[in-house]
Amino acid sequence: MIVTFLGTGTSQGVPVIACGCEVCTSADPRDKRLRSSIMIEGDKIVVVDSGPDFRQQMLRENVQHLDALVFTHEHKDHVAGMDDIRAFNYKQNSAIDVYADERVQAALKREFPYIFAENKYPGIPQIKLNNVDDEPFSIGQIKFTPIEVMHYRLPVKGYRINDFTYITDAKTVSETEKEKIKGSKILVINALQKQSHISHFTLAEAINFAREIGAEKTYLTHISHRLGKYEDVSKELPLGVELAYDGLKIEI
Ligand SMILES: [Zn+2]
Ligand SMILES: [Zn+2]
Ligand SMILES: [Zn+2]
């Protein structure tokens, strides 16, 4: 399977609107970060989270088909772009499977009431909701094992697929959930910035977490402009830990 990083930025993206800092004005394409999302291509094509940049990400990667959307949590930087799955509805002439837990499903109904209206306006997105709980589920041959991490007080879903684990908005992870992650060869984990933050891992916390899990390779994502430039931060990282960047593709 191929995993493509569609976006690796925190909620504001990088550059940040009206910011003139050295990261936001960097010419390095690896310092341009859309809101965090990945695409998994196996026998099905699945996107995890559809933030405000979903349309741009689909265009950039020339995505021709989408089977399912899987959500981590309901924050705007992870759900705001869901309306744009319409393009795939029209092309495929079918509803798109959406996987989310009960709380996120309720949020989607609040955020996009017209999608769930009794008398639907023509041309709106067509989705088929599928419930995610603690149990693994499969989309085609791709098996997703949900992992619960804490984003301050909000439980957020991470997902393990074989030897690959994707976690995007974590601050704390319980011992039980860590056991579900251990053995992963590739780990993706959030690292916001160096300064401490109430709901996100700092760079040091992410590196410690990577060590604890012991994956061969750890990619950091959900990055703020405050973390620093790709080139500078890369020099400070231990062996086996790298910053992800938009457009990066890995084989899992
Ligand atoms: Zn986020
Ligand atoms: Zn900036
Ligand atoms: Zn969040």
# chains A, B, ... in the order shown; residues from 1 in each chain; ligands from 1
>>> residues_near_ligand(ligand="ligand 1", cutoff="6 Å", atoms="only C-alpha atoms and all ligand atoms", output="PyMOL selection string")
chain A and resi 10-11+77+169
>>> closest_atom_pairs(of="chain A", to="ligand 2", cutoff="8 Å", atoms="only C-alpha atoms and all ligand atoms", output="Markdown table")
| residue | atom | partner | partner_atom_place_in_ligand_line | distance |
| --- | --- | --- | --- | --- |
| A:Val14 | CA | ligand 2 | 1 (Zn) | 7.0 |
| A:Pro15 | CA | ligand 2 | 1 (Zn) | 5.8 |
| A:Val16 | CA | ligand 2 | 1 (Zn) | 5.5 |
| A:Cys19 | CA | ligand 2 | 1 (Zn) | 4.6 |
| A:Gly20 | CA | ligand 2 | 1 (Zn) | 5.7 |
| A:Cys21 | CA | ligand 2 | 1 (Zn) | 4.2 |
| A:Glu22 | CA | ligand 2 | 1 (Zn) | 6.6 |
| A:Val23 | CA | ligand 2 | 1 (Zn) | 5.5 |
| A:Cys24 | CA | ligand 2 | 1 (Zn) | 4.2 |
| A:Thr25 | CA | ligand 2 | 1 (Zn) | 7.4 |
| A:His225 | CA | ligand 2 | 1 (Zn) | 4.9 |
| A:Arg226 | CA | ligand 2 | 1 (Zn) | 6.7 |
>>> residues_near_ligand(ligand="ligand 3", cutoff="7 Å", atoms="only C-alpha atoms and all ligand atoms", output="number ranges by chain")
A: 73, 75, 151, 169
>>> write_last_selection(atoms="N, CA, C and O atoms", output="mmCIF file, in the first residue's frame")
data_model
loop_
_atom_site.group_PDB
_atom_site.id
_atom_site.type_symbol
_atom_site.label_atom_id
_atom_site.label_comp_id
_atom_site.auth_asym_id
_atom_site.auth_seq_id
_atom_site.Cartn_x
_atom_site.Cartn_y
_atom_site.Cartn_z
ATOM 1 N N HIS A 73 -11.229 13.032 14.380
ATOM 2 C CA HIS A 73 -12.042 13.816 15.311
ATOM 3 C C HIS A 73 -12.663 14.987 14.552
ATOM 4 O O HIS A 73 -12.406 15.167 13.363
ATOM 5 N N HIS A 75 -12.599 18.372 14.914
ATOM 6 C CA HIS A 75 -12.088 19.736 14.796
ATOM 7 C C HIS A 75 -12.097 20.166 13.331
ATOM 8 O O HIS A 75 -11.874 19.367 12.429
ATOM 9 N N HIS A 151 -6.506 14.350 23.306
ATOM 10 C CA HIS A 151 -6.184 15.648 22.721
ATOM 11 C C HIS A 151 -6.684 16.662 23.755
ATOM 12 O O HIS A 151 -7.813 17.110 23.658
ATOM 13 N N ASP A 169 -3.520 14.121 16.539
ATOM 14 C CA ASP A 169 -3.730 15.180 17.532
ATOM 15 C C ASP A 169 -3.670 14.594 18.937
ATOM 16 O O ASP A 169 -4.690 14.491 19.606
#
>>> atom_distance(atom1="CA of Gln193 (chain A)", atom2="CA of Ala100 (chain A)")
27.8 Å
>>> select_by_dssp(residues="region 39-124 of chain A", states="alpha helix (DSSP H)", output="VMD selection string")
chain A and resid 54 to 60 76 to 79 86 to 92 102 to 111
>>> select_by_dssp(residues="region 85-231 of chain A", states="strand (DSSP E or B)", output="number ranges by chain")
A: 96-100, 127-131, 137-139, 142-151, 154-161, 164-166, 172, 186-190, 217-221, 223
>>> atom_distance(atom1="CA of Gln126 (chain A)", atom2="CA of Gln57 (chain A)")
20.0 Å
>>> residues_around(residues="Leu34 (chain A)", least_positions_apart="6", cutoff="8 Å", atoms="only C-alpha atoms", output="MDAnalysis selection string")
chainID A and resid 6:10 13:14 53 246
>>> write_last_selection(atoms="N, CA, C and O atoms", output="CSV table (one decimal), in the first residue's frame")
chain,number,residue,atom,x,y,z
A,6,LEU,N,-1.1,14.1,2.5
A,6,LEU,CA,-1.8,15.2,1.8
A,6,LEU,C,-1.6,16.5,2.4
A,6,LEU,O,-1.5,17.5,1.7
A,7,GLY,N,-1.4,16.5,3.7
A,7,GLY,CA,-1.1,17.7,4.5
A,7,GLY,C,-0.5,17.4,5.8
A,7,GLY,O,-0.7,16.3,6.3
A,8,THR,N,0.4,18.2,6.2
A,8,THR,CA,1.2,18.0,7.5
A,8,THR,C,1.2,19.2,8.4
A,8,THR,O,2.1,19.3,9.3
A,9,GLY,N,0.3,20.1,8.2
A,9,GLY,CA,0.3,21.3,9.0
A,9,GLY,C,-0.7,21.3,10.1
A,9,GLY,O,-1.6,20.5,10.1
A,10,THR,N,-0.5,22.2,11.1
A,10,THR,CA,-1.5,22.3,12.2
A,10,THR,C,-2.7,23.1,11.7
A,10,THR,O,-2.8,23.3,10.5
A,13,GLY,N,-2.4,25.9,9.1
A,13,GLY,CA,-1.5,25.6,8.0
A,13,GLY,C,-0.3,26.4,8.1
A,13,GLY,O,-0.1,27.3,8.9
A,14,VAL,N,0.7,26.1,7.1
A,14,VAL,CA,1.9,26.9,7.0
A,14,VAL,C,2.1,27.2,5.5
A,14,VAL,O,2.0,26.3,4.7
A,53,ASP,N,-8.4,22.0,3.3
A,53,ASP,CA,-7.6,21.9,2.1
A,53,ASP,C,-7.9,20.7,1.2
A,53,ASP,O,-7.1,20.4,0.3
A,246,ASP,N,4.4,17.7,2.9
A,246,ASP,CA,3.2,17.6,2.0
A,246,ASP,C,3.7,16.9,0.7
A,246,ASP,O,4.7,17.3,0.1
>>> closest_residue(among="A:Tyr230, A:Asn119, A:Thr72, A:Glu216", to="Pro155 (chain A)", atoms="only C-alpha atoms")
A:Thr72
>>> residues_around(residues="Ser184 (chain A)", least_positions_apart="3", cutoff="9 Å", atoms="only C-alpha atoms", output="list in words")
Arg160, Ile161, Asn162, Asp163, Phe164, Thr165, Lys180, Ile181, Leu187, Ile213, Gly214, Ala215 and Glu216 of chain A
>>> write_last_selection(atoms="N, CA and C atoms", output="mmCIF file, in the first residue's frame")
data_model
loop_
_atom_site.group_PDB
_atom_site.id
_atom_site.type_symbol
_atom_site.label_atom_id
_atom_site.label_comp_id
_atom_site.auth_asym_id
_atom_site.auth_seq_id
_atom_site.Cartn_x
_atom_site.Cartn_y
_atom_site.Cartn_z
ATOM 1 N N ARG A 160 -4.228 2.176 13.296
ATOM 2 C CA ARG A 160 -3.121 1.307 12.901
ATOM 3 C C ARG A 160 -3.562 0.451 11.715
ATOM 4 N N ILE A 161 -2.723 0.404 10.696
ATOM 5 C CA ILE A 161 -2.964 -0.441 9.522
ATOM 6 C C ILE A 161 -1.716 -1.301 9.359
ATOM 7 N N ASN A 162 -1.821 -2.574 9.648
ATOM 8 C CA ASN A 162 -0.666 -3.495 9.661
ATOM 9 C C ASN A 162 0.444 -2.924 10.544
ATOM 10 N N ASP A 163 1.601 -2.633 9.921
ATOM 11 C CA ASP A 163 2.746 -2.147 10.699
ATOM 12 C C ASP A 163 2.853 -0.629 10.706
ATOM 13 N N PHE A 164 1.779 0.038 10.320
ATOM 14 C CA PHE A 164 1.784 1.494 10.177
ATOM 15 C C PHE A 164 0.758 2.094 11.128
ATOM 16 N N THR A 165 1.160 3.109 11.906
ATOM 17 C CA THR A 165 0.207 3.779 12.805
ATOM 18 C C THR A 165 0.212 5.278 12.539
ATOM 19 N N LYS A 180 -1.301 -1.150 21.741
ATOM 20 C CA LYS A 180 -1.862 -1.372 20.396
ATOM 21 C C LYS A 180 -0.948 -0.812 19.307
ATOM 22 N N ILE A 181 -0.116 0.166 19.690
ATOM 23 C CA ILE A 181 0.766 0.830 18.716
ATOM 24 C C ILE A 181 2.093 0.092 18.600
ATOM 25 N N LEU A 187 5.640 4.851 12.306
ATOM 26 C CA LEU A 187 4.746 5.607 13.182
ATOM 27 C C LEU A 187 4.669 7.039 12.672
ATOM 28 N N ILE A 213 7.819 3.809 21.569
ATOM 29 C CA ILE A 213 7.176 2.866 20.644
ATOM 30 C C ILE A 213 8.244 2.046 19.920
ATOM 31 N N GLY A 214 9.341 2.683 19.583
ATOM 32 C CA GLY A 214 10.452 1.957 18.974
ATOM 33 C C GLY A 214 10.241 1.557 17.528
ATOM 34 N N ALA A 215 9.453 2.332 16.792
ATOM 35 C CA ALA A 215 9.273 2.048 15.357
ATOM 36 C C ALA A 215 10.587 2.290 14.615
ATOM 37 N N GLU A 216 10.781 1.567 13.492
ATOM 38 C CA GLU A 216 12.005 1.785 12.697
ATOM 39 C C GLU A 216 12.061 3.219 12.188
#
>>> residues_around(residues="Val70 (chain A)", least_positions_apart="3", cutoff="8 Å", atoms="only C-alpha atoms", output="VMD selection string")
chain A and resid 46 to 49 98 to 100
>>> residues_around(residues="Thr4 (chain A)", least_positions_apart="4", cutoff="8 Å", atoms="only C-alpha atoms", output="JSON, numbers by chain")
{"A": [38, 39, 40, 247, 248, 249, 250]}
>>> atom_distance(atom1="CA of Gln141 (chain A)", atom2="CA of Asp43 (chain A)")
6.4 Å
>>> closest_residue(among="A:Val173, A:Ala80, A:Ile207, A:Ala106", to="Pro238 (chain A)", atoms="only C-alpha atoms")
A:Ile207
>>> closest_residue(among="A:Lys109, A:Leu227, A:Arg55, A:Tyr219", to="Ser196 (chain A)", atoms="only C-alpha atoms")
A:Leu227
